[in-house]
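Asker: Can you keep this structure in mind? I'll have questions shortly.
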Amino acid sequence: GSGVTAYSLHPGVVASDIWRRLPQPLRWIAMQFMLTNDQGALTTLHCATSPDVAAESGFYYDKQAQKKPSKLARDPALAEELWQRSAQWVGLAA
């Protein structure tokens with residue numbers, strides 16, 4: 001009822017500047033197989049603007065489609081540990 005939605009997504013392997021420390025010519029070769037920045041933004045834009053997902057929340061998206069997260073991502077014990085550590089790192093009571 002809050003009107004707030006949350007999504008988790010994988011933008012793909014994007015040929016952004018994050019790879020700047022990868023030595024040449026390895027960087028150039030690797031980037032030939034990566035998405036452009038514009039292509040990498042498509043799933044984020046889909047989740048932010050598509051009326052098809054506006055009423056949904058809490059799902060994982062890849063290539064502009066809802067996907068099932070990995071087994072590790074669905075592990076309740078790991079989720080609890082992440083929550084506890086995150087709360088500790090930012091100074092909140094868990």
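A note on labels: chains of the structure tokens are A, B, ... as shown, every chain counts residues from 1, and ligands are counted from 1 in their shown order.
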Among chain A, which ones does DSSP place in alpha helix (DSSP H), written as a PyMOL selection string?
Answerer: chain A and resi 26-31+37-49+76-89
Asker: Residues of segment 2-58 of chain A that approach segment 63-68 of chain A to 12 Å or less, counting only C-alpha atoms: could you list each one with the shortest pair of atoms and its distance in Å to one decimal, rows by chain and increasing residue number, as JSON lines?
Answerer:
```
{"residue": "A:Tyr7", "atom": "CA", "partner": "A:Gln66", "partner_atom": "CA", "distance": 9.8}
{"residue": "A:Ser8", "atom": "CA", "partner": "A:Gln66", "partner_atom": "CA", "distance": 9.7}
{"residue": "A:Leu9", "atom": "CA", "partner": "A:Lys63", "partner_atom": "CA", "distance": 8.8}
{"residue": "A:His10", "atom": "CA", "partner": "A:Lys63", "partner_atom": "CA", "distance": 7.7}
{"residue": "A:Pro11", "atom": "CA", "partner": "A:Lys63", "partner_atom": "CA", "distance": 7.3}
{"residue": "A:Gly12", "atom": "CA", "partner": "A:Lys63", "partner_atom": "CA", "distance": 7.6}
{"residue": "A:Val13", "atom": "CA", "partner": "A:Lys63", "partner_atom": "CA", "distance": 11.2}
{"residue": "A:Leu35", "atom": "CA", "partner": "A:Lys63", "partner_atom": "CA", "distance": 11.3}
{"residue": "A:Gln39", "atom": "CA", "partner": "A:Lys63", "partner_atom": "CA", "distance": 9.5}
{"residue": "A:Gly40", "atom": "CA", "partner": "A:Lys63", "partner_atom": "CA", "distance": 8.9}
{"residue": "A:Ala41", "atom": "CA", "partner": "A:Gln64", "partner_atom": "CA", "distance": 9.9}
{"residue": "A:Leu42", "atom": "CA", "partner": "A:Gln64", "partner_atom": "CA", "distance": 6.9}
{"residue": "A:Thr43", "atom": "CA", "partner": "A:Gln64", "partner_atom": "CA", "distance": 4.5}
{"residue": "A:Thr44", "atom": "CA", "partner": "A:Gln64", "partner_atom": "CA", "distance": 8.0}
{"residue": "A:Leu45", "atom": "CA", "partner": "A:Gln64", "partner_atom": "CA", "distance": 8.7}
{"residue": "A:His46", "atom": "CA", "partner": "A:Gln64", "partner_atom": "CA", "distance": 6.1}
{"residue": "A:Cys47", "atom": "CA", "partner": "A:Gln64", "partner_atom": "CA", "distance": 7.6}
{"residue": "A:Ala48", "atom": "CA", "partner": "A:Gln64", "partner_atom": "CA", "distance": 10.9}
{"residue": "A:Thr49", "atom": "CA", "partner": "A:Gln64", "partner_atom": "CA", "distance": 11.4}
{"residue": "A:Ser50", "atom": "CA", "partner": "A:Gln64", "partner_atom": "CA", "distance": 9.8}
{"residue": "A:Asp52", "atom": "CA", "partner": "A:Ala65", "partner_atom": "CA", "distance": 10.4}
{"residue": "A:Val53", "atom": "CA", "partner": "A:Gln66", "partner_atom": "CA", "distance": 9.2}
{"residue": "A:Glu56", "atom": "CA", "partner": "A:Gln66", "partner_atom": "CA", "distance": 10.3}
{"residue": "A:Ser57", "atom": "CA", "partner": "A:Gln66", "partner_atom": "CA", "distance": 10.9}
{"residue": "A:Gly58", "atom": "CA", "partner": "A:Gln66", "partner_atom": "CA", "distance": 10.4}
```
Asker: Could you pull out all residues of chain A with a DSSP call of strand (DSSP E or B) and give them as an MDAnalysis selection string?
Answerer: chainID A and resid 7:10 14 35 59:62 65:67
Asker: Write to file, as an mmCIF file, in the first residue's frame, the residues of the selection just made, with all heavy atoms.
Answerer:
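Final output, saved to out18.cif:
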```
data_model
loop_
_atom_site.group_PDB
_atom_site.id
_atom_site.type_symbol
_atom_site.label_atom_id
_atom_site.label_comp_id
_atom_site.auth_asym_id
_atom_site.auth_seq_id
_atom_site.Cartn_x
_atom_site.Cartn_y
_atom_site.Cartn_z
ATOM 1 N N TYR A 7 13.043 -3.822 -6.988
ATOM 2 C CA TYR A 7 13.433 -4.864 -7.938
ATOM 3 C C TYR A 7 14.910 -5.161 -7.753
ATOM 4 O O TYR A 7 15.698 -4.293 -7.404
ATOM 5 C CB TYR A 7 13.202 -4.404 -9.384
ATOM 6 C CG TYR A 7 11.823 -3.864 -9.630
ATOM 7 C CD1 TYR A 7 11.569 -2.508 -9.579
ATOM 8 C CD2 TYR A 7 10.767 -4.721 -9.906
ATOM 9 C CE1 TYR A 7 10.309 -2.003 -9.789
ATOM 10 C CE2 TYR A 7 9.491 -4.232 -10.118
ATOM 11 C CZ TYR A 7 9.269 -2.872 -10.057
ATOM 12 O OH TYR A 7 8.011 -2.378 -10.265
ATOM 13 N N SER A 8 15.266 -6.374 -8.044
ATOM 14 C CA SER A 8 16.667 -6.763 -8.127
ATOM 15 C C SER A 8 16.899 -7.131 -9.573
ATOM 16 O O SER A 8 16.039 -7.754 -10.204
ATOM 17 C CB SER A 8 16.907 -7.963 -7.208
ATOM 18 O OG SER A 8 18.221 -8.425 -7.342
ATOM 19 N N LEU A 9 18.051 -6.762 -10.108
ATOM 20 C CA LEU A 9 18.260 -7.056 -11.521
ATOM 21 C C LEU A 9 19.726 -7.249 -11.840
ATOM 22 O O LEU A 9 20.606 -6.828 -11.106
ATOM 23 C CB LEU A 9 17.665 -5.961 -12.402
ATOM 24 C CG LEU A 9 18.248 -4.563 -12.238
ATOM 25 C CD1 LEU A 9 19.327 -4.301 -13.261
ATOM 26 C CD2 LEU A 9 17.145 -3.536 -12.347
ATOM 27 N N HIS A 10 19.955 -7.887 -12.952
ATOM 28 C CA HIS A 10 21.300 -8.071 -13.485
ATOM 29 C C HIS A 10 21.350 -7.308 -14.804
ATOM 30 O O HIS A 10 20.624 -7.639 -15.741
ATOM 31 C CB HIS A 10 21.582 -9.549 -13.713
ATOM 32 C CG HIS A 10 23.011 -9.837 -14.041
ATOM 33 N ND1 HIS A 10 23.663 -9.267 -15.109
ATOM 34 C CD2 HIS A 10 23.921 -10.632 -13.438
ATOM 35 C CE1 HIS A 10 24.905 -9.705 -15.146
ATOM 36 N NE2 HIS A 10 25.091 -10.529 -14.135
ATOM 37 N N VAL A 14 28.624 -5.381 -18.814
ATOM 38 C CA VAL A 14 28.609 -4.133 -19.561
ATOM 39 C C VAL A 14 30.028 -3.606 -19.765
ATOM 40 O O VAL A 14 30.840 -3.598 -18.839
ATOM 41 C CB VAL A 14 27.752 -3.078 -18.827
ATOM 42 C CG1 VAL A 14 27.724 -1.767 -19.576
ATOM 43 C CG2 VAL A 14 26.342 -3.612 -18.610
ATOM 44 N N LEU A 35 28.077 -5.989 -23.382
ATOM 45 C CA LEU A 35 27.010 -5.080 -23.786
ATOM 46 C C LEU A 35 27.510 -3.640 -23.742
ATOM 47 O O LEU A 35 28.399 -3.308 -22.958
ATOM 48 C CB LEU A 35 25.823 -5.202 -22.820
ATOM 49 C CG LEU A 35 25.156 -6.564 -22.694
ATOM 50 C CD1 LEU A 35 24.127 -6.532 -21.574
ATOM 51 C CD2 LEU A 35 24.513 -6.968 -23.996
ATOM 52 N N PHE A 59 10.813 -8.846 -7.200
ATOM 53 C CA PHE A 59 11.237 -9.877 -8.143
ATOM 54 C C PHE A 59 12.611 -9.562 -8.726
ATOM 55 O O PHE A 59 13.100 -8.440 -8.653
ATOM 56 C CB PHE A 59 10.218 -10.033 -9.273
ATOM 57 C CG PHE A 59 8.900 -10.572 -8.801
ATOM 58 C CD1 PHE A 59 7.790 -9.748 -8.717
ATOM 59 C CD2 PHE A 59 8.767 -11.900 -8.436
ATOM 60 C CE1 PHE A 59 6.572 -10.240 -8.279
ATOM 61 C CE2 PHE A 59 7.557 -12.410 -8.005
ATOM 62 C CZ PHE A 59 6.458 -11.569 -7.923
ATOM 63 N N TYR A 60 13.219 -10.575 -9.332
ATOM 64 C CA TYR A 60 14.533 -10.472 -9.954
ATOM 65 C C TYR A 60 14.357 -10.434 -11.468
ATOM 66 O O TYR A 60 13.580 -11.218 -12.021
ATOM 67 C CB TYR A 60 15.379 -11.675 -9.548
ATOM 68 C CG TYR A 60 16.705 -11.784 -10.256
ATOM 69 C CD1 TYR A 60 17.730 -10.880 -9.999
ATOM 70 C CD2 TYR A 60 16.932 -12.787 -11.180
ATOM 71 C CE1 TYR A 60 18.941 -10.975 -10.652
ATOM 72 C CE2 TYR A 60 18.150 -12.893 -11.834
ATOM 73 C CZ TYR A 60 19.147 -11.980 -11.563
ATOM 74 O OH TYR A 60 20.351 -12.077 -12.207
ATOM 75 N N TYR A 61 15.085 -9.536 -12.127
ATOM 76 C CA TYR A 61 14.966 -9.372 -13.575
ATOM 77 C C TYR A 61 16.323 -9.505 -14.250
ATOM 78 O O TYR A 61 17.348 -9.060 -13.736
ATOM 79 C CB TYR A 61 14.369 -7.997 -13.915
ATOM 80 C CG TYR A 61 12.914 -7.914 -13.567
ATOM 81 C CD1 TYR A 61 12.506 -7.633 -12.278
ATOM 82 C CD2 TYR A 61 11.945 -8.162 -14.525
ATOM 83 C CE1 TYR A 61 11.160 -7.592 -11.947
ATOM 84 C CE2 TYR A 61 10.610 -8.117 -14.205
ATOM 85 C CZ TYR A 61 10.219 -7.837 -12.912
ATOM 86 O OH TYR A 61 8.886 -7.806 -12.598
ATOM 87 N N ASP A 62 16.303 -10.106 -15.422
ATOM 88 C CA ASP A 62 17.483 -10.238 -16.272
ATOM 89 C C ASP A 62 16.988 -10.183 -17.708
ATOM 90 O O ASP A 62 15.985 -10.817 -18.049
ATOM 91 C CB ASP A 62 18.175 -11.572 -15.982
ATOM 92 C CG ASP A 62 19.475 -11.759 -16.745
ATOM 93 O OD1 ASP A 62 20.054 -10.770 -17.227
ATOM 94 O OD2 ASP A 62 19.924 -12.920 -16.875
ATOM 95 N N ALA A 65 13.276 -9.385 -18.290
ATOM 96 C CA ALA A 65 12.259 -10.387 -17.970
ATOM 97 C C ALA A 65 12.464 -10.878 -16.541
ATOM 98 O O ALA A 65 13.581 -10.912 -16.033
ATOM 99 C CB ALA A 65 12.357 -11.565 -18.940
ATOM 100 N N GLN A 66 11.361 -11.235 -15.913
ATOM 101 C CA GLN A 66 11.437 -11.793 -14.572
ATOM 102 C C GLN A 66 12.110 -13.167 -14.642
ATOM 103 O O GLN A 66 11.770 -13.981 -15.505
ATOM 104 C CB GLN A 66 10.028 -11.914 -13.994
ATOM 105 C CG GLN A 66 10.011 -12.221 -12.528
ATOM 106 C CD GLN A 66 8.596 -12.336 -12.004
ATOM 107 O OE1 GLN A 66 8.236 -13.375 -11.491
ATOM 108 N NE2 GLN A 66 7.793 -11.296 -12.149
ATOM 109 N N LYS A 67 13.073 -13.398 -13.771
ATOM 110 C CA LYS A 67 13.800 -14.663 -13.729
ATOM 111 C C LYS A 67 13.831 -15.199 -12.309
ATOM 112 O O LYS A 67 13.661 -14.450 -11.348
ATOM 113 C CB LYS A 67 15.252 -14.469 -14.204
ATOM 114 C CG LYS A 67 15.386 -13.972 -15.622
ATOM 115 C CD LYS A 67 15.114 -15.071 -16.619
ATOM 116 C CE LYS A 67 15.032 -14.603 -18.035
ATOM 117 N NZ LYS A 67 16.224 -14.329 -18.744
#
```
Asker: So the first atom is atom CA of Gln84 of chain A and the second is atom CA of Thr5 of chain A; what is the distance between them in Å, to one decimal place?
Answerer: 22.4 Å
Asker: What does the distance from atom CA of Arg74 of chain A to atom CA of Ala87 of chain A come to in Å, to one decimal?
Answerer: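 Computing it gives 19.5 Å between the two atoms.
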Asker: Could you jot down the atom CA of Gly91 of chain A to atom CA of Leu72 of chain A separation for me, Å, one decimal place?
Answerer: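 One can read the atom CA of Gly91 of chain A to atom CA of Leu72 of chain A distance as 25.8 Å.
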Asker: Looking at only C-alpha atoms, which of A:Met31, A:Leu78, A:Leu92, A:Ala6 is the one that sits closest to Ile18 of chain A?
Answerer: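 Ranked by minimum distance to Ile18 of chain A, first place goes to A:Met31.
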Asker: Write out as a VMD selection string which residues come within 10 Å of segment 19-21 of chain A when counting only C-alpha atoms, dropping same-chain ones fewer than 6 positions away.
Answerer: chain A and resid 27 to 28 30 to 31
Asker: Under the rule that only C-alpha atoms are counted, which of A:Ala15, A:Ser2, A:Leu22, A:Ser70 is the nearest residue to Met34 of chain A?
Answerer: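 Among the listed residues, the smallest separation from Met34 of chain A belongs to A:Ala15.
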